[in-house]
Each structure stands twice: as C-alpha cells, then as structure tokens.
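Just input.cif here, mmCIF, C-alpha atoms:
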```cif
data_entry
loop_
_atom_site.label_atom_id
_atom_site.label_comp_id
_atom_site.auth_asym_id
_atom_site.auth_seq_id
_atom_site.Cartn_x
_atom_site.Cartn_y
_atom_site.Cartn_z
CA MET A 173 32.57 -1.81 -5.72
CA SER A 174 29.78 -4.24 -6.55
CA GLU A 175 29.21 -5.75 -9.94
CA ARG A 176 26.85 -4.12 -12.36
CA GLN A 177 23.39 -5.60 -11.92
CA SER A 178 20.75 -5.69 -14.59
CA ALA A 179 17.57 -3.77 -13.94
CA LYS A 180 14.29 -5.63 -13.70
CA PRO A 181 11.50 -4.67 -16.11
CA GLY A 182 9.82 -1.46 -14.96
CA GLU A 183 12.29 -0.84 -12.13
CA ARG A 184 13.60 2.50 -13.38
CA GLN A 185 10.09 3.76 -14.21
CA PHE A 186 8.88 2.77 -10.76
CA LEU A 187 11.79 4.66 -9.16
CA TRP A 188 10.87 7.79 -11.13
CA PHE A 189 7.26 7.31 -10.01
CA LEU A 190 8.49 7.20 -6.39
CA VAL A 191 10.43 10.44 -6.93
CA ALA A 192 7.31 12.12 -8.35
CA LEU A 193 5.14 10.80 -5.52
CA SER A 194 7.67 12.01 -2.94
CA LEU A 195 7.70 15.46 -4.53
CA ALA A 196 3.90 15.56 -4.42
CA VAL A 197 3.93 14.65 -0.71
CA LEU A 198 6.57 17.31 -0.02
CA ILE A 199 4.67 19.99 -1.95
CA TYR A 200 1.45 19.15 -0.12
CA ALA A 201 3.30 19.22 3.21
CA PHE A 202 4.48 22.76 2.48
CA THR A 203 0.84 23.88 2.26
CA LEU A 204 0.28 22.87 5.90
CA PRO A 205 1.28 25.16 8.76
CA HIS A 206 4.86 24.26 9.66
CA GLY A 207 6.26 26.87 12.04
CA ASN A 208 7.62 24.70 14.85
CA LEU A 209 8.03 21.06 15.90
CA SER A 210 4.48 20.76 17.25
CA SER A 211 2.79 22.24 14.18
CA PRO A 212 0.60 19.97 12.02
CA GLY A 213 2.89 20.28 8.99
CA PHE A 214 6.17 19.28 10.63
CA PHE A 215 5.72 15.50 10.45
CA PRO A 216 4.48 15.51 6.81
CA LEU A 217 7.45 17.71 5.88
CA LEU A 218 9.82 15.30 7.58
CA ILE A 219 8.24 12.27 5.89
CA GLY A 220 8.18 13.98 2.47
CA THR A 221 11.84 14.92 2.79
CA LEU A 222 12.81 11.39 3.84
CA LEU A 223 10.77 9.88 0.99
CA LEU A 224 12.37 12.15 -1.58
CA ALA A 225 15.89 11.64 -0.24
CA THR A 226 15.45 7.86 -0.18
CA ALA A 227 13.96 7.70 -3.69
CA LEU A 228 16.76 9.89 -5.09
CA GLN A 229 19.41 7.83 -3.31
CA ILE A 230 18.05 4.57 -4.74
CA LEU A 231 17.80 6.15 -8.18
CA TRP A 232 21.42 7.32 -7.89
CA VAL A 233 22.64 3.86 -6.89
CA LYS A 234 20.68 2.21 -9.71
CA ARG A 235 21.64 4.80 -12.35
CA ARG A 236 24.09 2.53 -14.15
CA SER A 237 22.06 -0.67 -14.08
CA ARG A 238 21.03 -1.75 -17.53
CA GLY A 239 18.52 -4.29 -18.66
CA ASN A 240 19.61 -7.17 -20.85
CA ILE A 241 16.32 -7.28 -22.73
CA THR A 242 14.61 -5.06 -25.29
CA ILE A 243 12.03 -2.41 -24.45
CA ARG A 244 9.22 -4.49 -25.96
CA GLU A 245 10.20 -7.44 -23.77
CA LYS A 246 10.44 -5.15 -20.72
CA LEU A 247 6.91 -3.85 -21.31
CA ARG A 248 5.59 -7.38 -21.65
CA GLN A 249 7.23 -8.55 -18.41
CA ALA A 250 6.66 -5.40 -16.37
CA GLY A 251 2.94 -6.03 -15.87
CA SER A 252 3.36 -9.41 -14.24
CA LEU A 253 6.41 -8.25 -12.26
CA VAL A 254 4.83 -5.07 -10.87
CA PHE A 255 1.32 -6.51 -10.49
CA PRO A 256 1.48 -10.25 -9.83
CA GLN A 257 -1.80 -12.15 -9.89
CA THR A 258 -2.14 -12.20 -6.09
CA VAL A 259 -1.69 -8.43 -5.83
CA THR A 260 -4.16 -7.78 -8.65
CA ILE A 261 -6.84 -10.04 -7.16
CA PHE A 262 -6.38 -8.63 -3.65
CA THR A 263 -6.64 -5.10 -5.07
CA LEU A 264 -9.97 -6.11 -6.61
CA ILE A 265 -11.05 -7.51 -3.22
CA LEU A 266 -10.17 -4.16 -1.60
CA ILE A 267 -12.12 -2.24 -4.25
CA LEU A 268 -15.11 -4.53 -3.69
CA TYR A 269 -14.83 -3.90 0.07
CA ILE A 270 -14.81 -0.14 -0.50
CA LEU A 271 -17.86 -0.39 -2.78
CA LEU A 272 -19.75 -2.55 -0.25
CA LEU A 273 -19.07 -0.23 2.70
CA GLY A 274 -21.94 2.06 1.73
CA PRO A 275 -24.76 -0.42 1.16
CA LEU A 276 -23.73 -3.06 3.74
CA HIS A 277 -22.23 -0.70 6.34
CA PHE A 278 -18.99 -1.19 8.25
CA ILE A 279 -19.54 -4.32 10.31
CA PHE A 280 -20.98 -6.69 7.71
CA SER A 281 -18.74 -5.53 4.84
CA SER A 282 -15.64 -5.71 7.09
CA TYR A 283 -16.62 -9.21 8.19
CA LEU A 284 -16.95 -10.34 4.57
CA PHE A 285 -13.65 -8.64 3.71
CA LEU A 286 -11.78 -10.35 6.55
CA VAL A 287 -13.20 -13.80 5.80
CA GLY A 288 -12.57 -13.39 2.08
CA SER A 289 -9.02 -12.17 2.69
CA PHE A 290 -8.19 -15.05 5.01
CA ILE A 291 -9.52 -17.58 2.53
CA PHE A 292 -7.91 -15.97 -0.54
CA LEU A 293 -4.51 -15.62 1.10
CA LYS A 294 -4.82 -19.20 2.39
CA GLY A 295 -4.29 -18.09 5.97
CA THR A 296 -6.74 -20.53 7.48
CA THR A 297 -9.70 -22.84 6.87
CA TRP A 298 -13.31 -21.71 6.38
CA PRO A 299 -14.50 -22.32 9.97
CA ARG A 300 -11.43 -20.69 11.50
CA ALA A 301 -11.73 -17.74 9.07
CA PHE A 302 -15.30 -17.10 10.23
CA LEU A 303 -14.29 -17.35 13.89
CA ILE A 304 -11.13 -15.22 13.65
CA ALA A 305 -12.93 -12.54 11.61
CA ALA A 306 -15.74 -12.41 14.20
CA LEU A 307 -13.26 -12.09 17.07
CA VAL A 308 -11.18 -9.41 15.33
CA LEU A 309 -14.26 -7.44 14.31
CA GLY A 310 -15.71 -7.79 17.82
CA GLY A 311 -12.49 -6.40 19.27
CA ILE A 312 -12.47 -3.51 16.81
CA PHE A 313 -16.13 -2.80 17.54
CA LEU A 314 -15.60 -2.75 21.32
CA LEU A 315 -12.48 -0.63 21.03
CA PHE A 316 -14.07 2.03 18.82
CA GLN A 317 -17.56 1.93 20.36
CA TYR A 318 -16.64 2.12 24.03
CA ILE A 319 -13.12 3.53 24.22
CA PHE A 320 -12.97 5.95 21.26
CA LYS A 321 -16.76 6.62 21.29
CA VAL A 322 -17.11 6.16 17.52
CA ILE A 323 -20.39 4.72 16.23
CA LEU A 324 -19.67 2.01 13.65
CA TRP A 325 -23.21 0.88 12.79
#
```
Will you turn the file into structure tokens for me?
Amino acid sequence: MSERQSAKPGERQFLWFLVALSLAVLIYAFTLPHGNLSSPGFFPLLIGTLLLATALQILWVKRRSRGNITIREKLRQAGSLVFPQTVTIFTLILILYILLLGPLHFIFSSYLFLVGSFIFLKGTTWPRAFLIAALVLGGIFLLFQYIFKVILW
C-alpha cells in the first residue's frame, strides 16, 4: 500500500463538513417526490447519494493520515490554506455583485462584475475586459431575451 501521508491543516474537518453537507442534500432530496425515474426527486437523490458515498470514501481513505504539527499550528495555517487571498477577495467581489443586483439591475451589475473579475484574475487588459464583457453580456441578453423569453432589464 501507499505510504502514510500527513494531513493538511483543516483537511479532516473539511471532510466532515462534506459528509454533513452531503447528508443535508440527501435529507432534502427525500422530501421531494421520488416515485420513479422521471420524478423531480430522483436526480437530487442520486446526487445526494453519490456525494455522501464519495465523502465517506475519502474520509475512509484518509482516516489514518496524521498531521505533523500541533493543533494550534493547524488552526493558524488552516485559514490561509482553506481561504487563500484570491478566494477571499473573489468571494467579496461575488457578494458585492449580489448586493448591486437590486439597485443597478442585471445588465449593469453583471457588466461591472465581469470586467472586475477579468481584471482581478488578470485574465486580460482593461480595454479587452470591457470588450469581452460587453460581448458576453450581449450574447447572454440575446439568448435570454429572444430565445428563452426572459426579461432581464
């Protein structure tokens, strides 16, 4: 078998969180009608079962991994490992986008979100970010307005 690997800070706690989340999904899926394959609850039941089985399998494989550092050191390192600076800042950008959806409406707030995301993630330059965001948002607008008949403004 493979050598014993040391667990990263917060890894075991995150796995238990995944087990709890999977159980919550499975319990919610049981509240939906699930009589046959075409019922609305079948797919959520399938996904919840797969999530739970996968989380338990990973937890079982990692059951013997031990950390080489103290609990205090694990707690200090877990924050930066689980939430690196890029993830934390992008989460704040998403929260800002959600808060701006009401006052600025979908099109303008989505445009600002796309441009800001491109620039923050260093995907392109300012002029290209403005152009790509406009093209993507124009495509989304046309798709939803004329094909799906959803009013976005």
For atom CA of Pro256 of chain A and atom CA of Arg184 of chain A, the interatomic separation in Å (one decimal):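 Going from atom CA of Pro256 of chain A over to atom CA of Arg184 of chain A, I get 17.9 Å.
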For atom CA of Phe214 of chain A and atom CA of Phe202 of chain A, determine how far apart the two atoms are, in Å to one decimal place. 9.0 Å
Rounded to one decimal place, report the atom CA of Gln257 of chain A-atom CA of Thr296 of chain A distance in Å.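 Between these atoms lies a distance of 19.9 Å.
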Quick one: which residues end up in the PyMOL selection byres ((chain A and resi 301) around 12) for this structure, as a ChimeraX atom specification? /A:283-300,302-309
Using all atoms listed in the file, which of the listed residues (A:Trp188, A:Phe215, A:Phe262, A:Phe313) sits closest to Tyr200 of chain A?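 That would be A:Phe215, the residue with the smallest distance to Tyr200 of chain A.
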Evaluate the PyMOL selection byres ((chain A and resi 220) around 12) against this structure - the residues, as a PyMOL selection string, please. chain A and resi 190-202+213-219+221-227
Shortest interatomic distance to Gln185 of chain A - which of A:Leu271, A:Ile261, A:Leu209, A:Val254, counting all atoms listed in the file: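 Checking each candidate against Gln185 of chain A, we get A:Val254 as the closest.
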